[in-house]
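Novice: I am sharing upload13.cif, which consists of mmCIF, C-alpha atoms:
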```cif
data_entry
#
loop_
_atom_site.label_atom_id
_atom_site.label_comp_id
_atom_site.auth_asym_id
_atom_site.auth_seq_id
_atom_site.Cartn_x
_atom_site.Cartn_y
_atom_site.Cartn_z
CA MET A 1 92.16 41.07 -37.99
CA ASN A 2 90.89 44.52 -38.91
CA ARG A 3 87.52 45.64 -37.70
CA TYR A 4 85.25 47.92 -39.66
CA ALA A 5 81.84 49.43 -38.99
CA ILE A 6 79.56 50.76 -41.69
CA ILE A 7 77.14 53.23 -40.11
CA VAL A 8 74.16 53.59 -42.42
CA ALA A 9 72.14 56.79 -42.37
CA GLY A 10 70.40 56.33 -45.64
CA GLY A 11 66.97 57.59 -44.79
CA LYS A 12 65.85 61.13 -45.28
CA GLY A 13 63.96 60.94 -42.00
CA LEU A 14 60.68 62.08 -43.51
CA ARG A 15 58.74 60.00 -41.01
CA MET A 16 59.78 62.38 -38.21
CA GLY A 17 57.80 65.17 -39.86
CA GLY A 18 60.47 67.76 -39.14
CA PRO A 19 63.19 69.33 -41.25
CA THR A 20 66.02 67.59 -39.34
CA PRO A 21 66.88 64.07 -40.50
CA LYS A 22 66.62 61.57 -37.63
CA GLN A 23 70.33 60.89 -37.46
CA PHE A 24 71.05 64.57 -36.76
CA LEU A 25 68.43 65.07 -34.04
CA MET A 26 69.95 66.03 -30.72
CA LEU A 27 70.02 63.48 -27.92
CA ASN A 28 71.18 65.04 -24.65
CA GLY A 29 73.22 67.63 -26.49
CA ARG A 30 74.85 65.48 -29.16
CA PRO A 31 73.50 64.34 -32.54
CA VAL A 32 72.15 60.79 -32.65
CA ILE A 33 74.74 59.66 -35.23
CA VAL A 34 77.59 60.97 -33.07
CA ARG A 35 76.34 58.95 -30.09
CA THR A 36 76.16 55.89 -32.33
CA LEU A 37 79.71 56.33 -33.63
CA GLU A 38 80.99 56.89 -30.10
CA GLN A 39 79.64 53.50 -28.99
CA PHE A 40 81.72 51.77 -31.70
CA LEU A 41 84.78 53.77 -30.65
CA ARG A 42 84.18 52.75 -27.03
CA PHE A 43 84.19 49.12 -28.17
CA ASP A 44 87.43 49.55 -30.14
CA SER A 45 89.19 52.89 -30.48
CA THR A 46 91.03 51.57 -33.56
CA ILE A 47 87.90 50.44 -35.43
CA GLN A 48 87.68 51.81 -38.98
CA LEU A 49 84.45 53.73 -39.37
CA ILE A 50 82.57 54.31 -42.59
CA VAL A 51 79.57 56.63 -42.58
CA VAL A 52 77.04 56.33 -45.42
CA LEU A 53 74.80 59.36 -45.95
CA PRO A 54 72.51 60.76 -48.63
CA GLU A 55 74.31 63.30 -50.77
CA GLU A 56 72.15 66.18 -49.54
CA HIS A 57 73.29 65.62 -45.95
CA MET A 58 77.00 65.90 -46.63
CA GLY A 59 77.04 69.58 -45.64
CA THR A 60 75.30 68.95 -42.34
CA TRP A 61 77.61 66.01 -41.70
CA ALA A 62 80.73 68.13 -42.24
CA GLN A 63 79.49 70.57 -39.60
CA VAL A 64 78.58 67.78 -37.19
CA GLN A 65 81.94 66.10 -37.53
CA LYS A 66 83.83 69.37 -37.07
CA THR A 67 81.86 70.19 -33.93
CA HIS A 68 81.57 66.80 -32.25
CA LEU A 69 84.22 64.45 -33.63
CA PRO A 70 87.09 66.71 -34.74
CA ASP A 71 89.81 64.18 -33.91
CA VAL A 72 88.20 61.02 -35.29
CA THR A 73 89.38 59.66 -38.63
CA LEU A 74 86.58 58.16 -40.65
CA ARG A 75 85.45 57.73 -44.22
CA VAL A 76 82.21 59.04 -45.62
CA THR A 77 80.42 57.90 -48.74
CA ILE A 78 77.15 58.63 -50.50
CA GLY A 79 74.29 56.17 -50.05
CA GLY A 80 71.80 54.89 -52.60
CA ALA A 81 68.07 54.63 -53.08
CA GLU A 82 67.59 51.62 -50.80
CA ARG A 83 69.31 50.43 -47.66
CA PHE A 84 70.93 47.69 -49.77
CA ASP A 85 72.53 50.27 -52.05
CA SER A 86 73.83 52.26 -49.11
CA VAL A 87 75.46 49.28 -47.43
CA LYS A 88 76.96 48.24 -50.77
CA ALA A 89 78.44 51.71 -51.17
CA GLY A 90 80.10 51.29 -47.78
CA LEU A 91 81.37 47.80 -48.62
CA ASP A 92 82.88 49.11 -51.86
CA LEU A 93 85.41 51.01 -49.73
CA LEU A 94 86.68 47.80 -48.12
CA HIS A 95 89.42 45.79 -49.78
CA GLU A 96 90.86 43.63 -46.99
CA LEU A 97 88.65 40.56 -47.36
CA ASP A 98 89.48 38.74 -44.13
CA GLY A 99 88.54 41.58 -41.83
CA LEU A 100 85.24 41.76 -39.96
CA VAL A 101 82.61 44.38 -40.71
CA ALA A 102 79.63 45.45 -38.62
CA VAL A 103 76.72 47.12 -40.37
CA HIS A 104 74.76 49.35 -38.00
CA ASP A 105 71.91 51.82 -38.26
CA ALA A 106 72.98 55.39 -37.51
CA VAL A 107 69.65 55.82 -35.69
CA ARG A 108 70.40 53.15 -33.08
CA PRO A 109 72.47 55.22 -30.64
CA TYR A 110 71.55 53.17 -27.58
CA VAL A 111 73.43 50.05 -28.73
CA SER A 112 75.57 48.68 -25.90
CA VAL A 113 79.28 48.05 -26.21
CA GLN A 114 78.56 44.49 -25.08
CA THR A 115 76.23 43.88 -28.04
CA ILE A 116 78.83 45.24 -30.45
CA ALA A 117 81.49 43.01 -28.87
CA ASP A 118 79.23 39.95 -29.01
CA SER A 119 78.46 40.49 -32.69
CA PHE A 120 82.15 40.75 -33.59
CA GLN A 121 82.99 37.68 -31.52
CA SER A 122 80.26 35.62 -33.20
CA ALA A 123 81.40 36.77 -36.65
CA ALA A 124 84.99 35.86 -35.82
CA LEU A 125 83.96 32.36 -34.71
CA HIS A 126 81.04 31.55 -37.01
CA GLY A 127 81.07 34.06 -39.87
CA SER A 128 78.17 36.18 -38.69
CA GLY A 129 76.73 37.78 -35.56
CA VAL A 130 73.32 39.42 -35.90
CA ALA A 131 71.72 41.21 -32.93
CA SER A 132 68.17 40.12 -32.23
CA ILE A 133 65.62 40.20 -29.43
CA PRO A 134 62.64 38.09 -28.43
CA LEU A 135 59.17 39.59 -28.84
CA LYS A 136 57.57 41.29 -25.86
CA ASP A 137 54.21 41.47 -27.63
CA SER A 138 52.04 38.74 -29.08
CA ILE A 139 52.33 38.32 -32.85
CA ARG A 140 49.80 37.55 -35.58
CA GLU A 141 50.49 36.51 -39.14
CA LEU A 142 48.34 38.07 -41.85
CA VAL A 143 46.61 35.42 -43.94
CA GLN A 144 44.28 35.61 -46.87
CA ASP A 145 41.07 36.14 -44.91
CA GLY A 146 42.40 37.93 -41.85
CA SER A 147 45.11 36.97 -39.40
CA LYS A 148 46.06 34.13 -37.09
CA ALA A 149 47.92 33.94 -33.80
CA ARG A 150 51.48 32.70 -33.91
CA ASP A 151 53.69 31.59 -31.03
CA ARG A 152 55.92 34.57 -30.30
CA SER A 153 58.64 32.36 -28.81
CA HIS A 154 59.34 31.08 -32.35
CA PHE A 155 60.38 34.52 -33.61
CA ARG A 156 63.13 37.08 -33.11
CA LEU A 157 63.15 40.74 -34.09
CA VAL A 158 66.33 41.66 -35.89
CA GLN A 159 68.38 44.69 -34.92
CA THR A 160 71.83 45.89 -35.80
CA PRO A 161 74.79 45.52 -35.46
CA GLN A 162 74.99 42.71 -38.00
CA THR A 163 78.62 41.65 -38.28
CA PHE A 164 80.19 39.46 -40.96
CA ARG A 165 83.46 38.48 -42.58
CA VAL A 166 84.19 41.24 -45.10
CA GLY A 167 84.82 38.92 -48.02
CA GLU A 168 81.64 36.92 -47.50
CA LEU A 169 79.43 39.97 -47.10
CA LYS A 170 80.92 41.63 -50.18
CA GLU A 171 80.35 38.44 -52.16
CA ALA A 172 76.74 38.21 -50.92
CA PHE A 173 76.06 41.80 -51.93
CA SER A 174 77.62 41.30 -55.34
CA ARG A 175 75.51 38.17 -55.96
CA ALA A 176 72.18 39.69 -54.88
CA THR A 177 69.62 39.83 -57.66
CA HIS A 178 67.49 42.64 -56.23
CA ASN A 179 67.85 45.42 -53.67
CA ALA A 180 64.65 45.04 -51.64
CA PHE A 181 66.28 43.47 -48.59
CA THR A 182 65.31 44.95 -45.22
CA ASP A 183 68.52 43.87 -43.55
CA ASP A 184 72.00 42.54 -44.28
CA ALA A 185 71.49 39.12 -42.72
CA THR A 186 68.91 38.43 -45.43
CA VAL A 187 71.38 39.33 -48.18
CA TYR A 188 73.98 37.11 -46.54
CA GLU A 189 71.48 34.26 -46.17
CA ALA A 190 70.33 34.58 -49.80
CA ALA A 191 73.93 33.90 -50.84
CA GLY A 192 73.80 30.56 -49.03
CA TYR A 193 75.50 31.53 -45.77
CA ARG A 194 74.22 30.63 -42.33
CA VAL A 195 73.05 33.51 -40.10
CA ARG A 196 74.03 33.34 -36.43
CA LEU A 197 71.88 35.34 -34.04
CA ILE A 198 73.29 36.98 -30.93
CA GLU A 199 71.41 38.62 -28.11
CA GLY A 200 70.69 42.27 -28.78
CA GLY A 201 69.08 44.61 -26.27
CA PHE A 202 65.65 46.08 -25.69
CA GLU A 203 67.30 49.47 -25.23
CA ASN A 204 68.83 49.22 -28.73
CA ILE A 205 65.85 50.86 -30.44
CA LYS A 206 65.77 52.45 -33.85
CA ILE A 207 64.72 56.08 -33.73
CA THR A 208 62.06 56.31 -36.39
CA THR A 209 59.22 58.19 -34.69
CA PRO A 210 59.27 61.23 -32.38
CA GLU A 211 58.29 59.21 -29.30
CA ASP A 212 61.52 57.21 -29.56
CA LEU A 213 63.45 60.27 -28.41
CA LYS A 214 61.36 60.76 -25.28
CA MET B 215 25.37 49.67 -24.93
CA ASN B 216 27.52 49.70 -21.80
CA ARG B 217 31.24 49.98 -22.11
CA TYR B 218 33.67 48.33 -19.74
CA ALA B 219 37.43 48.28 -19.48
CA ILE B 220 39.41 45.64 -17.60
CA ILE B 221 42.80 47.08 -16.70
CA VAL B 222 45.13 44.20 -15.99
CA ALA B 223 48.08 44.71 -13.67
CA GLY B 224 48.80 41.10 -12.97
CA GLY B 225 52.55 41.11 -13.01
CA LYS B 226 54.69 41.61 -9.96
CA GLY B 227 57.07 43.72 -12.01
CA LEU B 228 60.12 41.72 -11.07
CA ARG B 229 61.72 42.46 -14.42
CA MET B 230 62.22 46.10 -13.38
CA GLY B 231 64.59 44.97 -10.67
CA GLY B 232 63.22 47.47 -8.16
CA PRO B 233 60.79 47.16 -5.29
CA THR B 234 58.02 49.16 -7.01
CA PRO B 235 55.77 47.17 -9.37
CA LYS B 236 55.79 48.64 -12.89
CA GLN B 237 52.18 49.82 -12.73
CA PHE B 238 52.97 52.01 -9.71
CA LEU B 239 56.13 53.64 -11.06
CA MET B 240 55.79 57.40 -11.40
CA LEU B 241 55.46 58.92 -14.87
CA ASN B 242 55.66 62.70 -14.72
CA GLY B 243 54.28 62.79 -11.21
CA ARG B 244 51.46 60.22 -11.52
CA PRO B 245 51.57 56.44 -11.28
CA VAL B 246 51.57 54.56 -14.59
CA ILE B 247 48.26 52.82 -13.85
CA VAL B 248 46.56 56.15 -13.07
CA ARG B 249 47.66 57.56 -16.43
CA THR B 250 46.31 54.44 -18.13
CA LEU B 251 42.92 54.70 -16.39
CA GLU B 252 42.72 58.41 -17.22
CA GLN B 253 43.03 57.66 -20.93
CA PHE B 254 39.96 55.42 -20.77
CA LEU B 255 38.06 58.10 -18.85
CA ARG B 256 39.07 60.65 -21.49
CA PHE B 257 37.57 58.36 -24.12
CA ASP B 258 34.33 57.92 -22.16
CA SER B 259 33.78 59.45 -18.72
CA THR B 260 30.98 56.92 -18.08
CA ILE B 261 33.03 53.83 -18.89
CA GLN B 262 32.92 51.18 -16.16
CA LEU B 263 36.44 50.42 -15.02
CA ILE B 264 37.66 47.19 -13.47
CA VAL B 265 41.19 47.01 -12.12
CA VAL B 266 42.79 43.59 -11.66
CA LEU B 267 45.74 43.47 -9.27
CA PRO B 268 47.72 40.87 -7.34
CA GLU B 269 46.47 40.58 -3.78
CA GLU B 270 49.70 41.93 -2.29
CA HIS B 271 49.24 45.21 -4.17
CA MET B 272 45.81 46.03 -2.82
CA GLY B 273 47.23 48.22 -0.06
CA THR B 274 49.34 50.25 -2.48
CA TRP B 275 46.38 50.54 -4.81
CA ALA B 276 44.13 51.92 -2.06
CA GLN B 277 46.68 54.66 -1.41
CA VAL B 278 47.09 55.40 -5.12
CA GLN B 279 43.37 55.67 -5.69
CA LYS B 280 42.84 57.91 -2.65
CA THR B 281 45.63 60.25 -3.78
CA HIS B 282 45.10 60.37 -7.53
CA LEU B 283 41.57 59.23 -8.38
CA PRO B 284 39.48 60.09 -5.30
CA ASP B 285 36.31 60.83 -7.29
CA VAL B 286 36.41 57.91 -9.72
CA THR B 287 34.15 54.93 -9.14
CA LEU B 288 35.74 51.66 -10.16
CA ARG B 289 35.82 48.03 -9.16
CA VAL B 290 38.94 46.19 -8.09
CA THR B 291 39.50 42.46 -8.05
CA ILE B 292 42.35 40.08 -7.32
CA GLY B 293 44.22 38.59 -10.28
CA GLY B 294 45.48 35.06 -10.77
CA ALA B 295 48.68 33.26 -11.60
CA GLU B 296 48.60 33.95 -15.34
CA ARG B 297 47.33 36.85 -17.41
CA PHE B 298 44.46 34.58 -18.49
CA ASP B 299 43.36 34.09 -14.88
CA SER B 300 43.50 37.82 -14.18
CA VAL B 301 41.35 38.74 -17.19
CA LYS B 302 38.91 36.00 -16.27
CA ALA B 303 38.65 37.42 -12.74
CA GLY B 304 37.73 40.77 -14.28
CA LEU B 305 35.20 39.20 -16.64
CA ASP B 306 33.56 37.39 -13.72
CA LEU B 307 32.36 40.80 -12.49
CA LEU B 308 30.44 41.46 -15.73
CA HIS B 309 26.88 40.23 -16.11
CA GLU B 310 25.45 42.36 -18.94
CA LEU B 311 26.35 40.16 -21.90
CA ASP B 312 25.67 42.56 -24.76
CA GLY B 313 28.02 45.27 -23.55
CA LEU B 314 31.50 45.82 -24.93
CA VAL B 315 34.63 45.21 -22.92
CA ALA B 316 38.17 46.38 -23.57
CA VAL B 317 41.03 44.49 -21.97
CA HIS B 318 44.10 46.67 -21.53
CA ASP B 319 47.50 46.35 -19.88
CA ALA B 320 47.90 48.68 -16.90
CA VAL B 321 51.47 49.26 -18.07
CA ARG B 322 50.46 50.81 -21.41
CA PRO B 323 49.81 54.38 -20.25
CA TYR B 324 50.63 55.96 -23.62
CA VAL B 325 47.58 54.49 -25.40
CA SER B 326 45.79 57.17 -27.38
CA VAL B 327 42.10 57.97 -27.00
CA GLN B 328 41.79 57.38 -30.74
CA THR B 329 43.08 53.81 -30.43
CA ILE B 330 40.62 53.11 -27.60
CA ALA B 331 37.78 54.58 -29.67
CA ASP B 332 38.77 52.56 -32.74
CA SER B 333 38.85 49.31 -30.79
CA PHE B 334 35.36 49.90 -29.34
CA GLN B 335 34.01 50.86 -32.76
CA SER B 336 35.42 47.73 -34.38
CA ALA B 337 34.02 45.55 -31.58
CA ALA B 338 30.60 47.17 -31.97
CA LEU B 339 30.61 46.51 -35.71
CA HIS B 340 32.48 43.22 -36.01
CA GLY B 341 32.67 41.67 -32.54
CA SER B 342 36.33 42.45 -31.88
CA GLY B 343 38.87 45.25 -32.22
CA VAL B 344 42.47 44.37 -31.39
CA ALA B 345 45.19 47.04 -31.52
CA SER B 346 48.21 46.02 -33.56
CA ILE B 347 51.18 47.61 -35.30
CA PRO B 348 53.38 46.66 -38.23
CA LEU B 349 56.97 45.65 -37.53
CA LYS B 350 59.68 48.30 -37.74
CA ASP B 351 62.39 45.67 -37.52
CA SER B 352 63.12 42.67 -39.69
CA ILE B 353 61.91 39.36 -38.30
CA ARG B 354 63.33 35.84 -38.29
CA GLU B 355 61.59 32.61 -37.44
CA LEU B 356 63.48 30.10 -35.34
CA VAL B 357 63.70 26.74 -37.09
CA GLN B 358 65.26 23.47 -36.11
CA ASP B 359 68.80 24.24 -37.25
CA GLY B 360 68.85 28.00 -36.75
CA SER B 361 66.58 30.70 -38.11
CA LYS B 362 65.24 31.98 -41.40
CA ALA B 363 64.20 35.42 -42.65
CA ARG B 364 60.48 36.11 -42.87
CA ASP B 365 58.72 38.98 -44.65
CA ARG B 366 57.88 41.47 -41.91
CA SER B 367 54.96 42.88 -43.89
CA HIS B 368 53.11 39.59 -43.24
CA PHE B 369 53.08 40.11 -39.48
CA ARG B 370 51.56 42.42 -36.88
CA LEU B 371 52.60 42.90 -33.28
CA VAL B 372 49.61 42.78 -30.97
CA GLN B 373 49.02 45.44 -28.33
CA THR B 374 46.09 46.31 -26.14
CA PRO B 375 43.31 47.47 -25.98
CA GLN B 376 41.61 44.33 -27.21
CA THR B 377 37.87 44.94 -27.22
CA PHE B 378 35.09 42.37 -27.58
CA ARG B 379 31.42 41.75 -26.97
CA VAL B 380 31.14 40.83 -23.30
CA GLY B 381 29.13 37.67 -23.88
CA GLU B 382 31.46 36.30 -26.53
CA LEU B 383 34.62 36.99 -24.53
CA LYS B 384 33.15 35.44 -21.38
CA GLU B 385 32.15 32.37 -23.39
CA ALA B 386 35.63 32.12 -24.91
CA PHE B 387 37.27 32.32 -21.50
CA SER B 388 34.92 29.72 -20.06
CA ARG B 389 35.65 27.33 -22.94
CA ALA B 390 39.44 27.68 -22.84
CA THR B 391 41.22 24.45 -22.03
CA HIS B 392 44.43 25.96 -20.68
CA ASN B 393 45.62 29.32 -19.34
CA ALA B 394 48.87 29.84 -21.27
CA PHE B 395 47.51 32.43 -23.70
CA THR B 396 49.64 35.56 -24.14
CA ASP B 397 46.69 37.72 -25.12
CA ASP B 398 42.90 37.81 -25.19
CA ALA B 399 42.52 37.72 -28.95
CA THR B 400 44.06 34.26 -28.89
CA VAL B 401 41.53 33.05 -26.32
CA TYR B 402 38.72 34.54 -28.43
CA GLU B 403 40.11 32.97 -31.62
CA ALA B 404 40.49 29.55 -29.94
CA ALA B 405 36.71 29.65 -29.28
CA GLY B 406 36.10 29.96 -33.02
CA TYR B 407 35.60 33.71 -33.29
CA ARG B 408 37.23 35.93 -35.88
CA VAL B 409 39.76 38.50 -34.67
CA ARG B 410 39.60 41.96 -36.25
CA LEU B 411 42.79 44.00 -36.06
CA ILE B 412 42.73 47.78 -35.74
CA GLU B 413 45.65 50.17 -36.00
CA GLY B 414 47.42 50.67 -32.69
CA GLY B 415 50.23 53.14 -32.14
CA PHE B 416 54.01 52.97 -31.88
CA GLU B 417 53.75 55.17 -28.78
CA ASN B 418 51.51 52.58 -27.11
CA ILE B 419 54.41 50.69 -25.55
CA LYS B 420 54.29 48.28 -22.65
CA ILE B 421 56.50 49.35 -19.80
CA THR B 422 58.45 46.19 -19.01
CA THR B 423 62.03 47.35 -18.73
CA PRO B 424 63.57 50.45 -17.12
CA GLU B 425 64.43 52.04 -20.48
CA ASP B 426 60.74 52.24 -21.38
CA LEU B 427 60.29 55.01 -18.83
CA LYS B 428 63.11 57.14 -20.25
#
```
Starting from the file, give its structure as structure tokens.

Specialist:
Amino acid sequence: MNRYAIIVAGGKGLRMGGPTPKQFLMLNGRPVIVRTLEQFLRFDSTIQLIVVLPEEHMGTWAQVQKTHLPDVTLRVTIGGAERFDSVKAGLDLLHELDGLVAVHDAVRPYVSVQTIADSFQSAALHGSGVASIPLKDSIRELVQDGSKARDRSHFRLVQTPQTFRVGELKEAFSRATHNAFTDDATVYEAAGYRVRLIEGGFENIKITTPEDLK
Amino acid sequence: MNRYAIIVAGGKGLRMGGPTPKQFLMLNGRPVIVRTLEQFLRFDSTIQLIVVLPEEHMGTWAQVQKTHLPDVTLRVTIGGAERFDSVKAGLDLLHELDGLVAVHDAVRPYVSVQTIADSFQSAALHGSGVASIPLKDSIRELVQDGSKARDRSHFRLVQTPQTFRVGELKEAFSRATHNAFTDDATVYEAAGYRVRLIEGGFENIKITTPEDLK
């Protein structure tokens, strides 16, 4: 069964405050997105990679690929306004419906090969495999007149990779009635499918603020 | 009004896998707990500091203080089995009931002076000031047959400092019927008080795993 990974770098990285989008920041000498792609290639050197980027980053990407990944075959497509639109653009390139596809944030370069493998295995067995972690901090729910403590052991924070059967994820995206989903598991769930969580990793952080690169 | 800070280093740091407890790991040449204490002294050089440590770490602490904080006056006391017991041990040293007391994790050395100031200001005005941050990741709630997506904008992750009026927090701790609270705001809330959240910081992480020190 073919394996695909859609690496989503939709954001313009404005939160970092600098001119360089987060996915192109250097991490020990290599751009963040390159480190992310390399983890998927370490998992499976034959995986089919799809990179989704805003149109204005295509020039930077071409340079990055030439410099750091000259021998890797991958497809690139232009993302949309929301994360949903970007993932959908990636899915539109896939036509083999019984393959498995991981969706992963370009700005999560620390993902372990084990987590990637676990998400594909869960998707192969159960239809989906979504990386998640327990909460290290206490959690409060906002209510009308303030907030109230909730039991953190009842919650999981969702990461990527989120891996699914290609046909089911494409169907879920085509049936969605809005594009305000914060992750792919929610799109999948809204289409009536059951989300299976797998264990992610505390090291698998999303680089969204400067301190994440420290 | 007097200001106090209880710096809780209750854990034995076993999660780090090494022989050095997390609070004594070196961060750019100074132990984590020293950096944490220094932030409170930067906020207010007259703040009264109370350090709560497991008994077996008292020897290490004496060395640390002699080397890194020789001129700082502070009180040290022995913590208990749970976080609750450790904070209570610190509170037992306070007798001036109308002061303000911040409770803070020794392993959160990156706390900003601004966050500390905000928590004291909120406690002075409203009785409590609890640092919290919005969620960067999607969240799912575990339910009987799996999990379901929740709207992350309805939740806040709780950090420290958590600052309160001394008398109210002491009363809340004395009225608590168990010691399985994961934070002080929950103890305070269980006694019928209203918790006020303030904005914490994404940099204000808790060092619980080796990757946090990277």

Novice: Applied to this file, what does the PyMOL selection byres ((chain B) within 8 of (chain A)) return in terms of residues, put as a PyMOL selection string?

Specialist: chain B and resi 351-357+360-361+363+368-373+396-397+400+409-410+416-417+423+425+428

Novice: Separation of CA of Val107 in chain A and CA of Lys22 in chain A, in Å?

Specialist: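 That distance, rounded to one decimal, is 6.8 Å.
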
Novice: Any chance you could work out the axis-aligned box around range 378-396 of chain B, listed atoms only, 6 Å on each side, giving centre and edge lengths in Å to one decimal, as lines of an AutoDock Vina configuration file?

Specialist:
```
center_x = 39.4
center_y = 33.4
center_z = -23.5
size_x = 32.5
size_y = 29.9
size_z = 20.2
```

Novice: Neighbouring residues of Ala320 in chain B were defined as those with any atom within 9 Å, considering only C-alpha atoms; residues of the same chain fewer than 6 positions away were excluded. Please report them as a PyMOL selection string.

Specialist: chain B and resi 221-224+236-237+246-251+265-266+420

Novice: Identify the residues around (72.4, 39.8, -28.4) within a radius of 8 Å, measuring from all atoms listed in the file in the coordinates stated by the file, and give them as a CSV table (one decimal) with C-alpha atoms, in the frame of the given file.

Specialist:
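Ended up saving to result.csv:
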```csv
chain,number,residue,atom,x,y,z
A,115,THR,CA,76.2,43.9,-28.0
A,118,ASP,CA,79.2,40.0,-29.0
A,119,SER,CA,78.5,40.5,-32.7
A,130,VAL,CA,73.3,39.4,-35.9
A,131,ALA,CA,71.7,41.2,-32.9
A,132,SER,CA,68.2,40.1,-32.2
A,133,ILE,CA,65.6,40.2,-29.4
A,197,LEU,CA,71.9,35.3,-34.0
A,198,ILE,CA,73.3,37.0,-30.9
A,199,GLU,CA,71.4,38.6,-28.1
A,200,GLY,CA,70.7,42.3,-28.8
A,201,GLY,CA,69.1,44.6,-26.3
```

Novice: For Thr163 in chain A, please output as a VMD selection string all residues within 8 Å (counting only C-alpha atoms; exclusion window: fewer than 5 positions along the same chain).

Specialist: chain A and resid 100 to 103 119 to 120 123 128 to 130

Novice: One number please: CA of Tyr402 in chain B to CA of Leu288 in chain B, in Å, one decimal.

Specialist: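 Computing the Euclidean distance for CA of Tyr402 in chain B and CA of Leu288 in chain B yields 25.2 Å.
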
Novice: Between CA of Gly243 in chain B and CA of Thr291 in chain B, what is the distance, to one decimal in Å?

Specialist: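 About the pair CA of Gly243 in chain B and CA of Thr291 in chain B: they are 25.3 Å apart.
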
Novice: Between A:Gln63, A:Ser122, A:Asn2, A:Ser174, which is the closest to Lys88 in chain A once you count all atoms listed in the file?

Specialist: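 Under the stated criterion, the closest residue is A:Ser174.
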
Novice: Point out the residue among B:Asp299, B:Glu252, B:Glu385, B:Asp319 with the least atom-to-atom distance to Leu283 in chain B, counting only C-alpha atoms.

Specialist: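 For Leu283 in chain B, the nearest of the given residues is B:Glu252.
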
Novice: Using the chain letters and numbers from this file, what does the PyMOL selection byres ((chain A and resi 4) around 12) select? Give the answer as an NGL selection string.

Specialist: :A and (1-3 or 5-7 or 37 or 40-41 or 43-51 or 74-75 or 90-91 or 93-104 or 116 or 120 or 161-166)
